[in-house]
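File shown here: model.txt, holding compact mmCIF, C-alpha atoms and all ligand atoms.
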```txt
# COMPACT_ATOMS: atom_id res chain seq x y z
CA MET W 1 94.83 98.92 79.72
CA SER W 2 97.43 101.67 79.73
CA PHE W 3 99.64 102.97 82.57
CA ASP W 4 97.53 106.15 82.79
CA THR W 5 94.28 104.21 83.33
CA ILE W 6 95.69 101.88 86.02
CA ILE W 7 94.73 103.08 89.48
CA GLY W 8 97.51 103.31 92.09
CA HIS W 9 101.07 101.91 91.67
CA THR W 10 102.55 105.34 90.95
CA ARG W 11 106.10 104.33 91.89
CA ALA W 12 106.10 101.10 89.90
CA LYS W 13 104.69 102.85 86.80
CA LYS W 14 107.30 105.61 87.07
CA PHE W 15 110.12 103.10 87.50
CA LEU W 16 109.00 101.04 84.47
CA THR W 17 108.42 104.16 82.35
CA GLU W 18 111.96 105.38 83.10
CA ALA W 19 113.40 101.95 82.21
CA THR W 20 111.53 101.98 78.89
CA ARG W 21 112.51 105.60 78.13
CA ASN W 22 116.19 104.86 78.79
CA GLN W 23 115.94 101.56 76.93
CA ARG W 24 117.10 99.74 80.04
CA VAL W 25 114.23 97.31 80.37
CA SER W 26 115.30 94.29 82.43
CA HIS W 27 115.16 90.79 80.95
CA ALA W 28 113.19 89.60 83.99
CA TYR W 29 110.86 91.35 86.43
CA LEU W 30 109.24 89.97 89.54
CA PHE W 31 106.02 91.87 90.31
CA HIS W 32 104.99 91.05 93.86
CA GLY W 33 102.04 92.20 95.93
CA PRO W 34 98.72 91.05 97.43
CA MET W 35 96.21 89.04 95.44
CA GLY W 36 94.17 91.19 93.04
CA VAL W 37 96.30 94.30 93.53
CA GLY W 38 97.04 94.66 89.79
CA LYS W 39 100.12 92.58 88.94
CA ARG W 40 98.65 91.08 85.77
CA THR W 41 97.12 94.36 84.66
CA LEU W 42 100.46 96.15 85.06
CA SER W 43 102.25 93.33 83.19
CA ARG W 44 99.91 93.68 80.21
CA ALA W 45 100.17 97.46 80.26
CA LEU W 46 103.97 97.19 80.19
CA ALA W 47 103.74 94.73 77.27
CA ARG W 48 101.45 97.18 75.46
CA ASN W 49 103.91 100.04 76.02
CA LEU W 50 106.69 97.88 74.57
CA PHE W 51 104.71 96.60 71.59
CA CYS W 52 102.73 99.74 70.60
CA SER W 53 103.54 100.73 67.00
CA THR W 54 103.08 104.48 67.46
CA ASN W 55 104.54 105.50 70.86
CA GLN W 56 108.09 106.62 71.58
CA PRO W 57 110.15 104.82 74.29
CA GLY W 58 108.84 105.93 77.70
CA GLU W 59 105.46 107.04 76.34
CA ASN W 60 102.17 105.34 77.09
CA SER W 61 100.78 102.99 74.47
CA CYS W 62 98.25 104.53 72.07
CA GLY W 63 95.46 101.98 72.64
CA HIS W 64 94.31 101.89 69.02
CA CYS W 65 97.13 100.51 66.85
CA ALA W 66 96.97 96.85 65.79
CA ASN W 67 99.51 95.80 68.43
CA CYS W 68 97.65 97.54 71.28
CA LEU W 69 94.34 96.01 70.18
CA LYS W 70 95.90 92.54 70.06
CA VAL W 71 97.27 92.96 73.61
CA ASP W 72 93.87 94.12 74.85
CA SER W 73 92.05 91.21 73.23
CA HIS W 74 94.58 88.73 74.73
CA ASN W 75 95.51 87.84 71.20
CA HIS W 76 99.04 89.17 70.73
CA PRO W 77 101.30 86.48 69.18
CA ASP W 78 104.36 87.69 71.14
CA ILE W 79 102.81 87.42 74.60
CA SER W 80 102.93 83.94 76.09
CA ILE W 81 101.37 82.81 79.35
CA PRO W 82 102.37 79.28 80.40
CA LYS W 83 99.22 77.37 81.34
CA GLU W 84 98.74 76.27 84.93
CA ASP W 85 97.31 72.90 85.89
CA PRO W 86 93.57 73.78 86.24
CA GLU W 87 93.11 71.39 89.18
CA LYS W 88 96.14 72.44 91.21
CA GLY W 89 96.53 76.03 90.03
CA ILE W 90 100.31 75.65 89.61
CA LEU W 91 102.68 75.45 86.67
CA ASN W 92 104.11 72.05 85.94
CA ILE W 93 107.48 71.32 84.41
CA ALA W 94 106.01 70.62 80.94
CA ALA W 95 104.66 74.19 80.79
CA ILE W 96 108.10 75.60 81.66
CA ARG W 97 109.76 73.41 79.01
CA GLU W 98 107.31 74.78 76.44
CA LEU W 99 108.26 78.29 77.59
CA GLN W 100 111.96 77.43 77.10
CA GLU W 101 111.26 76.48 73.48
CA GLU W 102 109.02 79.48 72.86
CA VAL W 103 111.57 81.94 74.26
CA HIS W 104 114.04 81.10 71.47
CA LYS W 105 111.54 81.54 68.63
CA THR W 106 111.59 84.74 66.60
CA SER W 107 109.13 87.48 67.54
CA VAL W 108 106.15 87.55 65.14
CA GLU W 109 105.68 91.34 65.16
CA GLY W 110 109.42 92.08 65.44
CA ARG W 111 109.22 93.91 68.78
CA GLY W 112 110.46 91.18 71.09
CA LYS W 113 108.52 88.72 73.21
CA VAL W 114 106.93 88.94 76.66
CA PHE W 115 106.29 85.95 78.92
CA LEU W 116 103.93 86.25 81.88
CA VAL W 117 104.64 83.61 84.51
CA ARG W 118 102.17 83.70 87.39
CA HIS W 119 102.27 82.45 90.98
CA VAL W 120 106.02 81.78 91.04
CA HIS W 121 105.82 81.56 94.86
CA ARG W 122 103.97 78.26 94.37
CA LEU W 123 106.47 76.57 92.03
CA ARG W 124 107.92 73.22 93.02
CA GLU W 125 111.67 72.68 93.11
CA ASP W 126 111.90 70.88 89.73
CA THR W 127 109.86 73.62 88.02
CA VAL W 128 112.00 76.33 89.62
CA ASN W 129 115.16 74.66 88.31
CA ALA W 130 113.72 74.47 84.79
CA LEU W 131 112.71 78.15 84.93
CA LEU W 132 116.18 79.18 86.14
CA LYS W 133 117.72 78.02 82.86
CA THR W 134 115.62 80.56 80.98
CA LEU W 135 116.25 83.30 83.55
CA GLU W 136 120.00 82.72 83.29
CA GLU W 137 120.27 82.84 79.51
CA PRO W 138 117.42 84.89 78.12
CA PRO W 139 117.77 85.59 74.39
CA PRO W 140 117.87 89.32 73.51
CA GLY W 141 114.42 90.86 73.18
CA SER W 142 112.68 88.40 75.49
CA ILE W 143 111.26 89.73 78.73
CA LEU W 144 109.93 87.53 81.50
CA ILE W 145 107.46 89.08 83.93
CA LEU W 146 107.00 86.82 86.94
CA THR W 147 104.32 87.48 89.55
CA ALA W 148 103.95 86.39 93.16
CA THR W 149 101.73 87.35 96.08
CA ASP W 150 104.49 86.81 98.64
CA LEU W 151 108.10 87.71 97.88
CA LEU W 152 109.37 85.74 100.88
CA MET W 153 107.90 82.53 99.44
CA VAL W 154 109.79 82.96 96.14
CA LYS W 155 112.98 80.90 95.97
CA ASP W 156 116.16 83.00 96.37
CA THR W 157 117.52 81.60 93.10
CA ILE W 158 114.59 83.21 91.24
CA ARG W 159 114.60 86.45 93.25
CA SER W 160 118.29 87.06 92.62
CA ARG W 161 117.83 86.82 88.85
CA CYS W 162 114.93 89.28 88.57
CA GLN W 163 114.31 92.97 89.08
CA ALA W 164 111.75 92.98 91.90
CA VAL W 165 108.91 95.51 91.63
CA LYS W 166 106.69 95.86 94.70
CA LEU W 167 103.00 96.63 94.20
CA GLY W 168 101.39 97.91 97.39
CA PRO W 169 97.70 98.45 98.09
CA VAL W 170 95.91 101.02 95.93
CA PRO W 171 95.06 104.20 97.94
CA LEU W 172 91.51 103.89 99.32
CA ASN W 173 90.38 107.19 97.78
CA ASP W 174 91.38 105.98 94.31
CA LEU W 175 89.70 102.64 94.89
CA ARG W 176 86.45 104.28 96.10
CA THR W 177 86.34 106.45 92.99
CA PHE W 178 86.93 103.38 90.80
CA LEU W 179 84.09 101.49 92.50
CA GLU W 180 81.66 104.39 92.23
CA GLN W 181 82.48 105.27 88.63
CA ASP W 182 83.41 101.96 87.01
CA GLN W 183 81.33 99.52 89.07
CA GLU W 184 78.45 101.95 89.73
CA LEU W 185 78.31 101.25 93.47
CA SER W 186 76.83 103.66 95.99
CA ALA W 187 79.17 105.78 98.12
CA HIS W 188 78.42 103.55 101.16
CA GLN W 189 79.07 100.30 99.26
CA SER W 190 82.28 101.70 97.75
CA GLU W 191 83.54 102.77 101.16
CA LEU W 192 82.77 99.37 102.71
CA LEU W 193 84.19 97.35 99.83
CA SER W 194 87.41 99.34 99.46
CA ARG W 195 88.12 98.80 103.17
CA ILE W 196 87.20 95.10 103.22
CA CYS W 197 89.40 94.42 100.19
CA GLY W 198 92.38 96.29 101.64
CA GLY W 199 93.23 98.39 98.59
CA SER W 200 92.99 95.55 96.05
CA PRO W 201 90.89 96.35 92.93
CA GLY W 202 90.95 92.69 91.82
CA ALA W 203 89.64 91.57 95.22
CA CYS W 204 86.81 94.15 94.89
CA VAL W 205 85.87 92.81 91.47
CA ALA W 206 86.03 89.20 92.78
CA PHE W 207 83.85 90.29 95.71
CA LEU W 208 81.19 91.70 93.38
CA LYS W 209 81.41 88.77 90.95
CA GLY W 210 81.17 86.28 93.82
CA GLY W 211 77.86 87.80 94.99
CA PHE W 212 79.20 88.75 98.43
CA LEU W 213 77.30 92.04 98.65
CA ASN W 214 74.03 90.04 98.70
CA GLN W 215 75.32 87.52 101.23
CA LEU W 216 76.58 89.78 104.00
CA THR W 217 74.01 88.43 106.49
CA ASP W 218 75.19 84.84 105.90
CA HIS W 219 78.81 85.80 106.46
CA GLU W 220 77.95 87.84 109.55
CA ALA W 221 76.24 84.76 111.02
CA ILE W 222 79.36 82.68 110.37
CA TRP W 223 81.90 85.06 111.88
CA LEU W 224 80.03 86.97 114.56
CA GLY W 225 77.18 84.60 115.54
CA PRO W 226 79.22 82.09 117.58
CA PHE W 227 80.97 84.91 119.46
CA LEU W 228 77.87 86.94 120.30
CA GLY W 229 75.81 84.10 121.77
CA GLN W 230 73.59 84.05 118.67
CA LYS W 231 72.71 81.02 116.60
CA GLY W 232 75.87 80.96 114.54
CA THR W 233 76.58 79.15 111.30
CA ALA W 234 79.55 76.79 110.97
CA VAL W 235 82.58 78.08 109.05
CA SER W 236 82.40 74.98 106.83
CA HIS W 237 79.12 76.38 105.47
CA LEU W 238 81.40 78.56 103.30
CA LEU W 239 81.93 75.46 101.14
CA ASN W 240 78.16 75.32 100.40
CA LEU W 241 78.05 79.04 99.63
CA ALA W 242 81.10 78.62 97.36
CA LYS W 243 79.33 75.84 95.41
CA GLU W 244 76.45 78.23 94.68
CA ALA W 245 78.50 81.32 93.90
CA ALA W 246 81.97 80.36 92.65
CA GLY W 247 82.82 79.06 89.18
CA SER W 248 83.16 75.37 88.44
CA THR W 249 86.93 74.85 88.73
CA PRO W 250 88.81 74.14 91.99
CA SER W 251 90.87 77.25 91.33
CA GLU W 252 87.71 79.43 91.18
CA THR W 253 86.40 77.84 94.39
CA ARG W 254 89.71 78.57 96.10
CA MET W 255 89.62 82.19 94.94
CA TRP W 256 86.05 82.55 96.22
CA ILE W 257 86.93 81.09 99.64
CA GLN W 258 90.00 83.34 99.78
CA THR W 259 87.72 86.35 99.28
CA ALA W 260 85.24 84.95 101.87
CA LEU W 261 88.06 84.70 104.43
CA HIS W 262 89.01 88.34 103.79
CA LEU W 263 85.40 89.27 104.43
CA GLY W 264 85.60 87.18 107.62
CA LEU W 265 88.62 89.24 108.72
CA SER W 266 86.55 92.38 108.26
CA PHE W 267 83.83 91.02 110.57
CA LEU W 268 86.45 89.90 113.10
CA ARG W 269 87.90 93.40 113.01
CA ASP W 270 84.47 94.66 114.17
CA LEU W 271 84.43 92.02 116.90
CA LEU W 272 87.86 93.14 118.10
CA ILE W 273 86.68 96.77 118.26
CA LEU W 274 83.71 95.67 120.39
CA SER W 275 85.75 93.35 122.63
CA ASP W 276 88.53 95.83 123.21
CA GLY W 277 86.24 98.84 123.75
CA ILE W 278 87.77 100.75 120.83
CA ASP W 279 85.90 103.74 119.33
CA PRO W 280 82.63 102.20 117.97
CA SER W 281 82.54 104.73 115.12
CA GLN W 282 85.23 102.51 113.54
CA LEU W 283 82.80 99.60 113.12
CA ARG W 284 82.15 98.60 109.50
CA HIS W 285 79.35 96.03 109.59
CA VAL W 286 77.51 96.11 112.88
CA THR W 287 76.48 98.66 115.49
CA SER W 288 77.55 98.37 119.12
CA GLU W 289 73.84 98.36 120.14
CA ALA W 290 73.12 95.34 117.92
CA CYS W 291 75.77 93.35 119.76
CA SER W 292 75.04 94.50 123.30
CA GLY W 293 72.90 91.41 124.13
CA GLY W 294 75.61 88.72 124.11
CA GLY W 295 78.72 88.29 126.26
CA LEU W 296 81.67 89.44 124.21
CA PRO W 297 84.74 87.21 123.88
CA ALA W 298 88.14 88.27 125.21
CA ALA W 299 90.03 90.47 122.75
CA ALA W 300 92.93 87.96 122.93
CA ASN W 301 90.62 85.23 121.59
CA VAL W 302 89.56 87.42 118.66
CA ILE W 303 93.21 88.20 117.88
CA ASP W 304 93.98 84.46 117.96
CA LEU W 305 91.20 83.79 115.48
CA ILE W 306 92.32 86.63 113.19
CA GLU W 307 95.76 84.98 113.12
CA GLU W 308 94.15 81.62 112.34
CA VAL W 309 92.21 83.12 109.42
CA LEU W 310 95.36 84.78 108.06
CA PHE W 311 97.14 81.44 108.36
CA ALA W 312 94.24 79.77 106.49
CA CYS W 313 94.55 82.38 103.70
CA GLY W 314 98.25 81.42 103.35
CA GLU W 315 97.38 77.71 103.27
CA LEU W 316 94.81 78.29 100.53
CA ASP W 317 97.45 80.16 98.56
CA ARG W 318 99.72 77.12 98.96
CA ASN W 319 96.98 74.97 97.41
CA LEU W 320 96.01 72.97 100.47
CA ASN W 321 92.54 71.43 100.47
CA PRO W 322 89.87 74.09 101.26
CA ALA W 323 87.60 71.57 103.07
CA VAL W 324 90.44 70.63 105.45
CA ILE W 325 91.39 74.28 106.01
CA LEU W 326 87.79 75.25 106.84
CA ALA W 327 87.31 72.22 109.14
CA ASP W 328 90.43 73.27 111.10
CA LEU W 329 89.13 76.85 111.32
CA GLU W 330 85.78 75.63 112.57
CA VAL W 331 87.45 73.79 115.46
CA ARG W 332 89.31 76.99 116.39
CA VAL W 333 86.12 79.08 116.26
CA ARG W 334 84.41 76.65 118.65
CA SER W 335 87.30 76.71 121.11
CA LEU W 336 87.68 80.50 121.05
CA ALA W 337 83.99 81.50 121.06
CA VAL W 338 83.58 81.72 124.81
CA PRO W 339 82.53 84.84 126.72
CA ALA W 340 85.35 86.70 128.47
ZN ZN C 1 99.50 101.36 70.12
```

Exercise: express the given structure as structure tokens:
Amino acid sequence: MSFDTIIGHTRAKKFLTEATRNQRVSHAYLFHGPMGVGKRTLSRALARNLFCSTNQPGENSCGHCANCLKVDSHNHPDISIPKEDPEKGILNIAAIRELQEEVHKTSVEGRGKVFLVRHVHRLREDTVNALLKTLEEPPPGSILILTATDLLMVKDTIRSRCQAVKLGPVPLNDLRTFLEQDQELSAHQSELLSRICGGSPGACVAFLKGGFLNQLTDHEAIWLGPFLGQKGTAVSHLLNLAKEAAGSTPSETRMWIQTALHLGLSFLRDLLILSDGIDPSQLRHVTSEACSGGGLPAAANVIDLIEEVLFACGELDRNLNPAVILADLEVRVRSLAVPA
């Protein structure tokens, strides 16, 4: 992946290109932005720009030299990614100690070393302290690229030692084109998906991989059913759907549920439009006629539930137990699903 094939992130790409051209690349970056927005992709593209054997500083990588091919095949000896605990989805102190040793080894290809450290907003205090040692005294030629979904959750001690680079949502037009051309979706599906996923290409891909497009009726029953006087499905049913559709690791299940909650927010957005009498042409999933039978809830209740779902997304990101999070949400749905 090269800077010119990454959709969106124009400012970040320009900033990093200038730094490379002027040979003022920082020893540590902190890429922060929503899940799936492209932090890892941009990190690898930056590494490819730095390692490419044929480009000049500030130029895009060529994509066909040995170094570029090794980056693309996740096989470059000078890119290290500390492994997270597969159960908890966080880095432990042993992984950071390995990084500390690795950072002082000589580059294999002679073009420096790049370390990609993910989810730094989730690091525990002892792991943060171990990482700080490397951030304080990086050997020349080593670049650390840290990533986080939420800058405010990253410890100040880390933030102050890195050059922060914000990655905002990808413009919807660009995302629609990507979905139509690269994922071969129809115009209607691309429009729906780009809006549900809030400008995040990774979330769109997770959505497709997780089989959500074929399950929209199930999710509609979970989020709208209880509020529209229909036979709803309990929120905890998401755990059963996750077992069928997500991968086998707890981390994959958490990712799937995270995507399911974002889809839930999209349905609740429709419910808010209906409850508040906003222009029905803004509805994404349902028509106002289809929902005219039941007594709508108060808009304030829908807003409360939207806040609860956003809170649940944050808790999932902090690695709390998905079953507990969904059980709490279910209680809130029951208490809020009353006609106005
Ligand atoms: Zn190259």

For this session: Mind listing whatever residues come within 8 Å of the point (99.8, 96.7, 92.6)? Use all atoms listed in the file, file coordinates, and give them as a PyMOL selection string.
Result: chain W and resi 8-9+32-34+36-39+42+166-170+200

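Across the model, the gap from CA of Ile143 in chain W to CA of His74 in chain W is 17.2 Å.
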
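Interatomic distance, CA of His64 in chain W to CA of Ala12 in chain W: 24.0 Å.
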
Exercise. Restricting the calculation to only C-alpha atoms, which member of W:Pro297, W:Gly314, W:Pro77, W:Gly198 is positioned closest to Pro339 in chain W?
Worked result: W:Pro297

Please identify every residue of chain W that has at least one atom no farther than 7 Å from an atom of ligand ZN 1 (chain C), counting only C-alpha atoms and all ligand atoms, and for each give the shortest atom pair and the distance in Å to one decimal, arranged by chain then increasing number, as a tab-separated table.
```
residue	atom	partner	partner_atom	distance
W:Cys52	CA	C:ZN1	ZN	3.6
W:Ser53	CA	C:ZN1	ZN	5.1
W:Thr54	CA	C:ZN1	ZN	5.4
W:Asn55	CA	C:ZN1	ZN	6.6
W:Ser61	CA	C:ZN1	ZN	4.8
W:Cys62	CA	C:ZN1	ZN	3.9
W:Gly63	CA	C:ZN1	ZN	4.8
W:His64	CA	C:ZN1	ZN	5.3
W:Cys65	CA	C:ZN1	ZN	4.1
W:Ala66	CA	C:ZN1	ZN	6.7
W:Asn67	CA	C:ZN1	ZN	5.8
W:Cys68	CA	C:ZN1	ZN	4.4
```

For this session: May I ask which of the residues W:Ala242, W:Ile158, W:Ala28, W:Ile93 is the closest one to Ala260 in chain W, counting only C-alpha atoms?
Result: W:Ala242

If I only have part of range 59-80 of chain W, can you fill in N, CA and C atoms and write it as a PDB file, keeping the file's coordinate frame?
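Final output, result-v8.pdb:
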```
ATOM      1  N   GLU W  59     106.825 106.500  76.458  1.00  0.00           N
ATOM      2  CA  GLU W  59     105.460 107.040  76.340  1.00  0.00           C
ATOM      3  C   GLU W  59     104.444 105.922  76.567  1.00  0.00           C
ATOM      4  N   ASN W  60     103.236 106.333  76.951  1.00  0.00           N
ATOM      5  CA  ASN W  60     102.170 105.340  77.090  1.00  0.00           C
ATOM      6  C   ASN W  60     101.769 104.809  75.725  1.00  0.00           C
ATOM      7  N   SER W  61     101.264 103.584  75.718  1.00  0.00           N
ATOM      8  CA  SER W  61     100.780 102.990  74.470  1.00  0.00           C
ATOM      9  C   SER W  61      99.560 103.753  73.980  1.00  0.00           C
ATOM     10  N   CYS W  62      99.320 103.699  72.647  1.00  0.00           N
ATOM     11  CA  CYS W  62      98.250 104.530  72.070  1.00  0.00           C
ATOM     12  C   CYS W  62      96.860 103.933  72.308  1.00  0.00           C
ATOM     13  N   GLY W  63      96.763 102.619  72.386  1.00  0.00           N
ATOM     14  CA  GLY W  63      95.460 101.980  72.640  1.00  0.00           C
ATOM     15  C   GLY W  63      94.648 101.701  71.391  1.00  0.00           C
ATOM     16  N   HIS W  64      95.117 102.173  70.215  1.00  0.00           N
ATOM     17  CA  HIS W  64      94.310 101.890  69.020  1.00  0.00           C
ATOM     18  C   HIS W  64      95.077 101.322  67.835  1.00  0.00           C
ATOM     19  N   CYS W  65      96.404 101.155  67.963  1.00  0.00           N
ATOM     20  CA  CYS W  65      97.130 100.510  66.850  1.00  0.00           C
ATOM     21  C   CYS W  65      96.863  98.992  66.915  1.00  0.00           C
ATOM     22  N   ALA W  66      97.255  98.290  65.856  1.00  0.00           N
ATOM     23  CA  ALA W  66      96.970  96.850  65.790  1.00  0.00           C
ATOM     24  C   ALA W  66      97.608  96.103  66.964  1.00  0.00           C
ATOM     25  N   ASN W  67      98.840  96.492  67.326  1.00  0.00           N
ATOM     26  CA  ASN W  67      99.510  95.800  68.430  1.00  0.00           C
ATOM     27  C   ASN W  67      98.780  96.011  69.764  1.00  0.00           C
ATOM     28  N   CYS W  68      98.377  97.262  70.026  1.00  0.00           N
ATOM     29  CA  CYS W  68      97.650  97.540  71.280  1.00  0.00           C
ATOM     30  C   CYS W  68      96.348  96.742  71.333  1.00  0.00           C
ATOM     31  N   LEU W  69      95.628  96.710  70.208  1.00  0.00           N
ATOM     32  CA  LEU W  69      94.340  96.010  70.180  1.00  0.00           C
ATOM     33  C   LEU W  69      94.535  94.505  70.416  1.00  0.00           C
ATOM     34  N   LYS W  70      95.641  93.979  69.857  1.00  0.00           N
ATOM     35  CA  LYS W  70      95.900  92.540  70.060  1.00  0.00           C
ATOM     36  C   LYS W  70      96.229  92.254  71.535  1.00  0.00           C
ATOM     37  N   VAL W  71      96.976  93.161  72.176  1.00  0.00           N
ATOM     38  CA  VAL W  71      97.270  92.960  73.610  1.00  0.00           C
ATOM     39  C   VAL W  71      95.967  92.987  74.395  1.00  0.00           C
ATOM     40  N   ASP W  72      95.114  93.974  74.095  1.00  0.00           N
ATOM     41  CA  ASP W  72      93.870  94.120  74.850  1.00  0.00           C
ATOM     42  C   ASP W  72      92.921  92.936  74.661  1.00  0.00           C
ATOM     43  N   SER W  73      92.964  92.339  73.473  1.00  0.00           N
ATOM     44  CA  SER W  73      92.050  91.210  73.230  1.00  0.00           C
ATOM     45  C   SER W  73      92.712  89.860  73.588  1.00  0.00           C
ATOM     46  N   HIS W  74      93.858  89.935  74.282  1.00  0.00           N
ATOM     47  CA  HIS W  74      94.580  88.730  74.730  1.00  0.00           C
ATOM     48  C   HIS W  74      94.959  87.862  73.527  1.00  0.00           C
ATOM     49  N   ASN W  75      95.320  88.526  72.456  1.00  0.00           N
ATOM     50  CA  ASN W  75      95.510  87.840  71.200  1.00  0.00           C
ATOM     51  C   ASN W  75      96.848  88.199  70.550  1.00  0.00           C
ATOM     52  N   HIS W  76      97.779  88.741  71.338  1.00  0.00           N
ATOM     53  CA  HIS W  76      99.040  89.170  70.730  1.00  0.00           C
ATOM     54  C   HIS W  76      99.971  87.956  70.590  1.00  0.00           C
ATOM     55  N   PRO W  77     100.502  87.709  69.384  1.00  0.00           N
ATOM     56  CA  PRO W  77     101.300  86.480  69.180  1.00  0.00           C
ATOM     57  C   PRO W  77     102.619  86.481  69.949  1.00  0.00           C
ATOM     58  N   ASP W  78     103.074  87.646  70.441  1.00  0.00           N
ATOM     59  CA  ASP W  78     104.360  87.690  71.140  1.00  0.00           C
ATOM     60  C   ASP W  78     104.214  87.769  72.655  1.00  0.00           C
ATOM     61  N   ILE W  79     102.982  87.542  73.142  1.00  0.00           N
ATOM     62  CA  ILE W  79     102.810  87.420  74.600  1.00  0.00           C
ATOM     63  C   ILE W  79     102.439  85.972  74.893  1.00  0.00           C
ATOM     64  N   SER W  80     103.221  85.336  75.736  1.00  0.00           N
ATOM     65  CA  SER W  80     102.930  83.940  76.090  1.00  0.00           C
ATOM     66  C   SER W  80     102.683  83.845  77.593  1.00  0.00           C
TER      67      SER W  80
END
```
